[in-house]
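What follows is a single structure, written as structure tokens, with notes after it.
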Amino acid sequence: MHKFNPNFLSVLALLVLSLACVLPSVAVTPDQNMLGTAIAQTMSVALTQTFQPVIPITNGATPTPTFTFTPEPPTLSPTVTLTPTPIFTFTPLVPFISVSVATNCRVGPGRIYDRVGALLVGEVAEVLGRDPTGNYWYIRNPDPGAEFCWLWGEYATLSGNFAALPMFTPPPTPTPAPNFDASFSDLDTCAGWWVDIDLENTGGVNFTSVSLTVRDTDTDIIVALYRDDFTDNDGCVDSDTIDTIQPGNTETISSPPFAYDPAGHDLRATITLCSNNGQSGTCVTKVITFEP
């Protein structure tokens, strides 16, 4: 049986088609069975071809498969960078003041000024200024009344930005007012009986003259003196005389003597102290009652 060469059939088919194109006057009708058979044989040959793998020469030994390992780069976890939180020390812009001992607050920097408040332990007050000496602070008054006052800094502690506080000029020193306190001291005797009275100058002026009247309200007997000095009689021998009672000082003055012993009687003393001699100038009068 003759076996058709697939290549021959392909060439024959192409030749027939070419003749059909060159010779238009000749009607060539290809054999359909023949063409189908040729195409089928061509496809069968193509499908029966066997792929031959390439086997490496290993001198008779069974080849060992070779693997190429490519390491996978490690995955790095992102590093968290911690930013330290800054620690701030809070410094208030407005300075404040506190005290370890309760301190009076006055209309000026000094005891000569009137008291208008006090800063107690545990309280704080806003500071607005200071005096030229740096010993007093001008603060908001913690008590009702005057809005601002001056505080002595002896027991004070300041906080905040007080370095830039303005320096305030203190108000004028007030005109000192005369004042005094009087109290019964003792009943003394020698050639008669007299009473001693203590006089404390609580004002701001010197006293240089005195008017003293003592009345026994039981007998209605009066003894009186007017002097430009202050004398304390001690019994029949000793006496002490001064010319002036200064602010803050206490002196004793003796009344004129009674001719009898007024012990147990109700007495009333009227005392007038003056800044000038002759019971003139600025004068203050006090009245006290007592029973010697």
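Each chain of the structure tokens is named A, B, ... in the order shown, its residues numbered from 1; ligands are numbered from 1 in display order.
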
Could you list, as a list in words, every residue within 12 Å of A:Asn276, counting only C-alpha atoms and ignoring same-chain residues fewer than 5 positions away?
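Contacts, with the query itself left out: Pro178, Val205, Asn206, Phe207, Thr208, Ser209, Val210, Arg227, Asp228, Asp229, Asp243, Thr244, Ile245, Gly281, Thr282, Cys283 and Val284 of chain A.
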
Keeping only C-alpha atoms, write the selected residues as a PDB file, in the first residue's frame.
```pdb
ATOM      1  CA  PRO A 178      -3.233 113.270 119.183  1.00  0.00           C
ATOM      2  CA  VAL A 205       2.069 114.232 118.758  1.00  0.00           C
ATOM      3  CA  ASN A 206       3.943 115.155 121.920  1.00  0.00           C
ATOM      4  CA  PHE A 207       1.999 116.356 124.922  1.00  0.00           C
ATOM      5  CA  THR A 208       3.607 119.194 126.906  1.00  0.00           C
ATOM      6  CA  SER A 209       0.852 120.500 129.189  1.00  0.00           C
ATOM      7  CA  VAL A 210      -1.940 119.036 131.302  1.00  0.00           C
ATOM      8  CA  ARG A 227       0.846 122.465 134.595  1.00  0.00           C
ATOM      9  CA  ASP A 228       3.364 122.523 131.739  1.00  0.00           C
ATOM     10  CA  ASP A 229       5.002 119.367 133.026  1.00  0.00           C
ATOM     11  CA  ASP A 243       8.361 117.910 130.402  1.00  0.00           C
ATOM     12  CA  THR A 244       6.851 115.856 127.575  1.00  0.00           C
ATOM     13  CA  ILE A 245       4.933 112.643 127.042  1.00  0.00           C
ATOM     14  CA  GLY A 281      -2.312 123.851 120.646  1.00  0.00           C
ATOM     15  CA  THR A 282      -3.904 120.491 119.868  1.00  0.00           C
ATOM     16  CA  CYS A 283      -5.700 119.152 122.963  1.00  0.00           C
ATOM     17  CA  VAL A 284      -7.478 115.908 123.828  1.00  0.00           C
TER      18      VAL A 284
END
```

Surrounding residues of A:Thr175 excluding itself and chain neighbours under 3 positions, 12 Å, only C-alpha atoms, as a PyMOL selection string:
chain A and resi 112-114+171-172+178+203-205

Excluding same-chain residues fewer than 2 positions from A:Thr289, what lies within 7 Å of it counting only C-alpha atoms, as a PyMOL selection string?
chain A and resi 267-269+287

Might you pull out every residue within 10 Å of A:Asp261, with only C-alpha atoms counted and same-chain residues fewer than 2 positions away left off, and present them as a PDB file with C-alpha atoms, in the first residue's frame?
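Result file selection07.pdb:
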```pdb
ATOM      1  CA  LEU A 187      -3.826 106.061 146.121  1.00  0.00           C
ATOM      2  CA  ASP A 188      -0.861 107.650 147.934  1.00  0.00           C
ATOM      3  CA  THR A 189      -0.510 109.741 151.085  1.00  0.00           C
ATOM      4  CA  GLY A 192      -3.009 114.484 152.612  1.00  0.00           C
ATOM      5  CA  TRP A 193      -4.184 111.833 150.108  1.00  0.00           C
ATOM      6  CA  TRP A 194      -3.894 111.935 146.329  1.00  0.00           C
ATOM      7  CA  PRO A 257      -4.121 116.081 147.664  1.00  0.00           C
ATOM      8  CA  PHE A 258      -7.432 115.700 149.421  1.00  0.00           C
ATOM      9  CA  ALA A 259      -7.597 116.700 153.082  1.00  0.00           C
ATOM     10  CA  ALA A 263     -10.689 105.467 149.768  1.00  0.00           C
ATOM     11  CA  GLY A 264     -13.957 103.755 148.894  1.00  0.00           C
ATOM     12  CA  HIS A 265     -15.442 106.911 147.347  1.00  0.00           C
ATOM     13  CA  PRO A 292      -9.594 104.016 145.094  1.00  0.00           C
TER      14      PRO A 292
END
```

Find the residue from A:Ala191, A:Leu199, A:Ile242, A:Val214 that sits nearest to A:Asn179; use only C-alpha atoms when measuring.
A:Leu199

Close residues, A:Ala125 itself excluded, 9 Å, only C-alpha atoms, min 3 positions apart in chain, as a compact mmCIF listing (two decimals) with C-alpha atoms, in the first residue's frame:
```
# COMPACT_ATOMS: atom_id res chain seq x y z
CA PRO A 95 2.29 87.58 91.05
CA PHE A 96 0.61 86.51 94.27
CA ILE A 97 1.59 86.86 97.92
CA SER A 98 0.98 84.77 101.03
CA LEU A 119 -3.81 88.96 105.08
CA ILE A 139 -1.73 94.29 97.03
CA ARG A 140 -5.42 93.81 96.35
CA ASN A 141 -7.09 94.06 99.75
CA PRO A 142 -8.37 90.61 100.84
```

How would you write, as a PyMOL selection string, the set of residues in stretch 180-211 of chain A that DSSP gives as strand (DSSP E or B)?
chain A and resi 180-190+192-201+207+209-211

What is the atom CA of A:Leu120-atom CA of A:Ala102 distance in Å, reported with one decimal?
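Atom-to-atom, atom CA of A:Leu120 to atom CA of A:Ala102, that is 4.4 Å.
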
Report, in Å with one decimal, the straight-line distance from atom CA of A:Pro166 to atom CA of A:Gly117.
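Spanning atom CA of A:Pro166 to atom CA of A:Gly117 is a straight-line distance of 22.2 Å.
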
Rounded to one decimal, what separation in Å do you get between atom CA of A:Cys236 and atom CA of A:Pro256?
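Computing it gives 13.4 Å between the two atoms.
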
Which residue of A:Leu165, A:Ala118, A:Val127, A:Val101 approaches A:Pro144 most closely, using only C-alpha atoms
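Closest candidate: A:Ala118.
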